[in-house]
Every structure is written in C-alpha cells, then in structure tokens.
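Novice: There's a structure below that I have some questions on.
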Amino acid sequence: MWADQAIWWQVYPLGFSGAAAHRLRKLEDWLEYAVELGCSGLLLGPVFASETHGYDTVDHFRIDPRLGDDEDFDRLVAAAHARGLRVALDGVFNHVARSFDAPADWFRRGPDGTVDTFEGHEHLVALDHSQPAVAQYVTDVLTHWLDRGVDGWRLDAAYAVPPGFWRAVLPRERFPDAWFFGEVIHGDYAGYVAESGLDSVTQYELWKAIWSSLNDGNFFELSYALGRHDELLESFVPQTFIGNHDVTRIATRLEDGRHLGHALAILFAVGGVPSIYYGDEQAFQGLKEDRAGGDDAIRPAFPDAPAGLASSGWPTYRLHQRLIGVRRRNAWLTRGRTTVEHLTNQLVALRTVGDSGSVLLLLNISDQPERFPVDATGLTVGAQPGAGVPEGDPLLVPAHSWRFLTSP
C-alpha cells in the first residue's frame with residue numbers, strides 16, 4: 001500500500017497561515033519545501049468550519065471561511081498531488097461544537113439527561129455513536145472528501161469512540177486505497193486496530209519513551225517501549241512521531257539540545273509511518289500549557305516563504321533531509337523489526353531488520369566517546385549529526401552523539 005512509503009509533513013492550517021486571506025493558498029507556496037524535506041504526504045489539521053480552534057466543528061462539509069473556500073481546497077489538493085504528495089484530513093467525529101446543527105438525538109446524554117461533553121470541555125458536545133443517523137453522517141463526510149481527492153484521514157479522539165463504529169462507517173469498498181488512522185493515546189493499540197478496522201493508530205508510547213529516556217539517561221525505558229512496538233508490528237504499522245499539534249515541541253521537551261538528533265534518528269530507524277510536525281524540522285520551540293490558549297505556542301504562523309525562516313533552524317532541516325534520505329533508500333524500514341543489541345543507561349545499539357536489509361543505530365548520551373561491541377559487518381555510516389562521513393572506526397561514537405549505519 002502507498003502508505004507504507006508515506007512520510008507526512010503535518011500542518012495545523014489555522015495557525016500556520018496566520019491572518020492571510022484565503023489562507024490555504026499560502027500553504028501551496030510551501031509544498032516544494034515539504035518535498036525537498038523528503039516528505040511524501042501532507043497531513044492537514046482541521047480545515048472544516050468551526051467555532052474557534054478547528055476541533056469544535058460546526059459543518060464538516062464546508063471549508064472554514066478563515067482558510068478559504070472549496071476552490072482554495074481543490075487547488076491545494078491538486079497542487080499537492082502534482083508534486084507527488086498525498087493529502088490526509090483531520091476528522092473530528094467524537095464531538096462537535098455546541099452550535100452544531102443536528103437533531104437532539106444525535107448527542108450522547110448522561111443519566112440526568114444533559115448532553116455529555118468531551119473531557120469536561122463544555123463547548124464540545126459528544127455525538128451518540130449508537131445512532132444510525134450519526135453513522136451515516138460520518139460515512140457521508142468521509143466519502144465527500146475522498147471523492148474530492150483526499151487520500152486518507154486522521155480520526156481525532158478515536159480512543160473516545162467505540163471501535164466498532166469505525167468499522168461500520170469507513171467507506172472501504174468504494175475507496176480501498178484510502179488510509180485511515182486514529183488518535184489513540186493509551187491502551188491496547190493492536191486490539192483497537194483489530195476491532196475498528198483502522199489501518200493504524202498513533203504511537204504515543206514510543207513518543208514518550210523517546211524523549212523521556214533521553215532526558216532521564218535511561219535507555220532501558222526505550223528498550224522496553226521498542227519491545228512493545230515490535231509486537232504491534234506483527235498486526236499493523238503504527239503512526240510514529242516525535243511531535244504533533246497536541247504536545248510540547250521536541251526541541252523544548254528535551255533537556256539537552258545535543259540530543260535532538262538522537263530523537264529524530266530513532267524515529268527514522270524503527271518501523272512505523274512517521275510524521276514531522278511543521279516547525280520541528282526547523283527546531284522550533286513551543287511549550288503546551290493546560291489553559292485557555294495553551295496550544296498557541298505549538299501552533300504558530302509560518303512566514304510567507306522559506307526565506308523568512310531563521311537561519312538557526314536550517315541545520316536541523318538538513319539533518320531531517322539526511323535521515324529521511326536514509327529512510328527512503330531503505331523503504332522496508334516501515335515494517336522493519338528492531339532488536340536491542342547493546343544496552344546501558346546511556347548507550348543503546350538498535351538493529352532494525354527487514355526483508356531487504358538491515359540498519360544499525362548507535363546512540364551515546366554519555367560524557368565520553370564509546371565504542372559499541374556490536375557487529376557492523378557490511379555497514380557504513382549513512383547519517384550522523386554532521387554531514388561528512390567520518391574516517392576510522394564507525395563503532396566509536398563521540399560523547400552525546402550518534403551514528404546511523406546502513407548498507408552501502
């Protein structure tokens with residue numbers, strides 16, 4: 001399936017586009033930037049008419065007037081496809097805005113008869129997924145935008161929706177090549193995929209283990225998470241990330257800036273369908289806060305063109321390019337299985353093997369150079385913090401550095 005080769009650039013359009021008129025047209029000017037980064041897909045945050053932040057939808061069939069109109073959307077999809085970029089939309093079908101116009105029986109109610117809300121947010125009311133009319137509505141929305149050229153869907157707050165609902169509403173027969181993945185934070189990922197019929201879910205366990213193990217100097221946590229990740233790959237390919245629109249940016253989360261490359265290298269060295277959240281490829285900072293407006297710092301506006309980006313971010317962009325290049329040259333990594341070949345608190349060697357080869361990632365977050373006691377026969381340095389290929393022993397990794405070894 002085409003999704004096996006997908007590397008997504010995730011954008012939150014309402015933030016990205018700032019206050020421009022017909023904001024989606026601004027995004028067209030960044031498609032070449034995404035292609036040059038190495039991405040093959042554009043994962044859009046909410047684009048439908050909403051009250052405020054996009055996740056409080058009022059009309060799933062209408063483009064948010066702050067972003068533009070149907071013509072702007074069709075232009076963006078056509079421009080993305082012309083550059084080889086797939087397009088996925090963010091669908092919020094667990095809850096809607098309180099002003100969403102629908103019959104009263106579309107909404108889930110508590111024992112006292114009041115409408116249920118999503119996680120205590122009074123302006124977000126929960127849909128009743130047992131209602132056939134709600135199921136038909138969701139199928140109609142998915143179908144409408146797939147007919148308009150969309151290639152896939154992210155299903156927001158899927159964890160709050162009964163998994164069997166998705167199996168009933170996904171228009172699989174009509175769109176057999178469409179890719180659907182759900183936002184699931186905790187719990188039985190494999191079980192949810194099996195029951196829901198989704199292609200994938202978000203791999204929050206691995207996300208947390210990546211930054212936490214780097215901050216704590218405890219690669220045993222990463223090793224444990226990768227063991228669970230490997231088990232998931234027996235039944236589906238998780239959607240992997242080190243940043244998205246809901247979490248503190250990785251450059252802010254990491255306590256030692258020298259370890260940003262380590263986090264990114266892990267993302268591209270293990271199985272999964274990876275995404276890059278816009279701005280992370282430029283080492284943007286941003287702290288998510290639990291308050292009104294607490295997402296603003298992680299959903300910023302981009303300049304009108306790449307030339308407007310700060311010069312300090314381009315080395316991180318180029319690092320992304322090198323690692324994505326390794327990933328695309330070893331496309332089998334999507335379903336690759338990873339084993340830990342050497343492990344201490346501050347050192348880990350990860351070997352990922354697939355049908356077409358193997359790669360070896362060596363991570364050192366200690367204060368001294370370390371030589372890894374592993375077999376690197378037939379492998380050479382494919383990527384590292386600097387662009388040049390080092391001379392000497394590829395298994396000798398400098399302090400707070402890493403090496404990604406691949407077949408020549």
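A note on labels: chains of the structure tokens are A, B, ... as shown, every chain counts residues from 1, and ligands are counted from 1 in their shown order.
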Taking the backbone alone, and naming residues the way the document does, which bits of stretch 16-98 of chain A are helix (DSSP H, G or I) by DSSP, as number ranges by chain?

Specialist: A: 16, 23-28, 31-37, 70-82

Novice: Which residue out of A:Asp72, A:Asp56, A:Asp101, A:Glu234 has the minimum interatomic distance to A:His22 when only C-alpha atoms are used?

Specialist: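 Of the candidates, the smallest distance to A:His22 is held by A:Asp72.
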
Novice: Please, which residues of stretch 25-273 of chain A, numbered as in this document, come out strand (DSSP E or B) from DSSP, as a ChimeraX atom specification?

Specialist: /A:41-44,48-50,57-63,86-92,95-97,107,109,115,117-118,121-127,152-156,179-182,200-202,239-241,273

Novice: Which residues come within 8 Å of A:Ile250, counting only C-alpha atoms, excluding same-chain residues fewer than 4 positions away, as an MDAnalysis selection string?

Specialist: chainID A and resid 211 242:243 254 260 280 285

Novice: Pull N, CA, C and O atoms from the residues just selected and write them as a PDB file, in the first residue's frame.

Specialist:
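Saved file out-v3.pdb follows:
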ATOM      1  N   TRP A 211      11.639  10.766  24.258  1.00  0.00           N
ATOM      2  CA  TRP A 211      12.140  11.955  24.954  1.00  0.00           C
ATOM      3  C   TRP A 211      12.426  11.678  26.420  1.00  0.00           C
ATOM      4  O   TRP A 211      13.368  12.235  26.992  1.00  0.00           O
ATOM      5  N   ILE A 242       7.592  12.366  16.777  1.00  0.00           N
ATOM      6  CA  ILE A 242       8.206  12.938  17.973  1.00  0.00           C
ATOM      7  C   ILE A 242       7.640  14.329  18.243  1.00  0.00           C
ATOM      8  O   ILE A 242       8.084  15.027  19.147  1.00  0.00           O
ATOM      9  N   GLY A 243       6.628  14.713  17.473  1.00  0.00           N
ATOM     10  CA  GLY A 243       5.948  15.985  17.688  1.00  0.00           C
ATOM     11  C   GLY A 243       4.634  16.001  16.953  1.00  0.00           C
ATOM     12  O   GLY A 243       4.496  15.397  15.891  1.00  0.00           O
ATOM     13  N   LEU A 254      13.161  18.290  25.228  1.00  0.00           N
ATOM     14  CA  LEU A 254      14.473  17.718  25.542  1.00  0.00           C
ATOM     15  C   LEU A 254      15.269  18.677  26.425  1.00  0.00           C
ATOM     16  O   LEU A 254      15.392  19.864  26.127  1.00  0.00           O
ATOM     17  N   LEU A 260      18.651  16.243  20.263  1.00  0.00           N
ATOM     18  CA  LEU A 260      17.574  16.354  19.286  1.00  0.00           C
ATOM     19  C   LEU A 260      17.788  15.381  18.137  1.00  0.00           C
ATOM     20  O   LEU A 260      16.854  14.703  17.682  1.00  0.00           O
ATOM     21  N   ASP A 280       9.098  21.582  13.577  1.00  0.00           N
ATOM     22  CA  ASP A 280      10.074  20.704  14.229  1.00  0.00           C
ATOM     23  C   ASP A 280      11.304  20.533  13.354  1.00  0.00           C
ATOM     24  O   ASP A 280      12.417  20.390  13.866  1.00  0.00           O
ATOM     25  N   GLN A 285      10.795  26.013  19.036  1.00  0.00           N
ATOM     26  CA  GLN A 285      10.472  25.821  20.444  1.00  0.00           C
ATOM     27  C   GLN A 285       8.969  26.025  20.634  1.00  0.00           C
ATOM     28  O   GLN A 285       8.323  26.740  19.861  1.00  0.00           O
TER      29      GLN A 285
END

Novice: Leaving out A:Pro46 and any residue of its chain fewer than 3 positions from it, which residues lie within 10 Å of it when counting only C-alpha atoms, given as a PyMOL selection string?

Specialist: chain A and resi 11-14+43+49-50+53-57+60+63-64+89-92+154+156

Novice: I'd like the neighbourhood of A:Gly110 as a PyMOL selection string, where a residue qualifies if any of its atoms comes within 12 Å (using only C-alpha atoms), though same-chain residues fewer than 2 positions away should be ignored.

Specialist: chain A and resi 107-108+112-117+125-128

Novice: Nearest to A:His320 among A:Arg66, A:Lys288, A:Arg335, A:His262, with distances taken over only C-alpha atoms: which residue is it?

Specialist: A:His262

Novice: Can you list every residue of stretch 92-192 of chain A that has an atom at most 12 Å from stretch 27-42 of chain A, with its nearest atom pair and the distance in Å to one decimal, using only C-alpha atoms, ordered by chain then number, as a Markdown table?

Specialist:
| residue | atom | partner | partner_atom | distance |
| --- | --- | --- | --- | --- |
| A:Val150 | CA | A:Leu42 | CA | 10.3 |
| A:Asp151 | CA | A:Gly41 | CA | 9.3 |
| A:Gly152 | CA | A:Gly41 | CA | 9.9 |
| A:Trp153 | CA | A:Leu42 | CA | 11.0 |
| A:Arg154 | CA | A:Leu42 | CA | 11.5 |
| A:Trp179 | CA | A:Gly41 | CA | 11.7 |

Novice: Using C-alpha atoms, can you write the selected residues to a file as a short mmCIF file (atom, residue, chain, number, x, y, z; two decimals), in the first residue's frame?

Specialist:
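The result, stored in selection10.cif:
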data_model
loop_
_atom_site.label_atom_id
_atom_site.label_comp_id
_atom_site.auth_asym_id
_atom_site.auth_seq_id
_atom_site.Cartn_x
_atom_site.Cartn_y
_atom_site.Cartn_z
CA VAL A 150 -8.27 13.23 -0.35
CA ASP A 151 -6.11 10.13 0.21
CA GLY A 152 -6.58 9.47 3.91
CA TRP A 153 -7.95 10.53 7.26
CA ARG A 154 -6.70 11.11 10.77
CA TRP A 179 -5.61 5.18 4.63
#

Novice: For A:Ser212, which residue among A:Ala194, A:Leu309, A:Ala263, A:Ala79 is the nearest when counting only C-alpha atoms?

Specialist: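 Nearest candidate to A:Ser212 out of A:Ala194, A:Leu309, A:Ala263, A:Ala79: A:Ala263.
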
Novice: Need the shell around A:Glu205: protein/DNA/RNA residues with any atom at most 10 Å away, counting only C-alpha atoms. Skip same-chain ones fewer than 4 positions apart. Format as a list in words?

Specialist: Ile185, His186, Gly187, Tyr189, Ala209, Ile210, Leu222, Ala225, Leu226, Arg228, His229 and Thr240 of chain A

Novice: Which of these, A:Ile365, A:Phe404, A:Gln136, A:Leu287, has the shortest distance to A:Asn215 once you count only C-alpha atoms?

Specialist: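 Checking each of A:Ile365, A:Phe404, A:Gln136, A:Leu287 against A:Asn215, counting only C-alpha atoms, the winner is A:Ile365.
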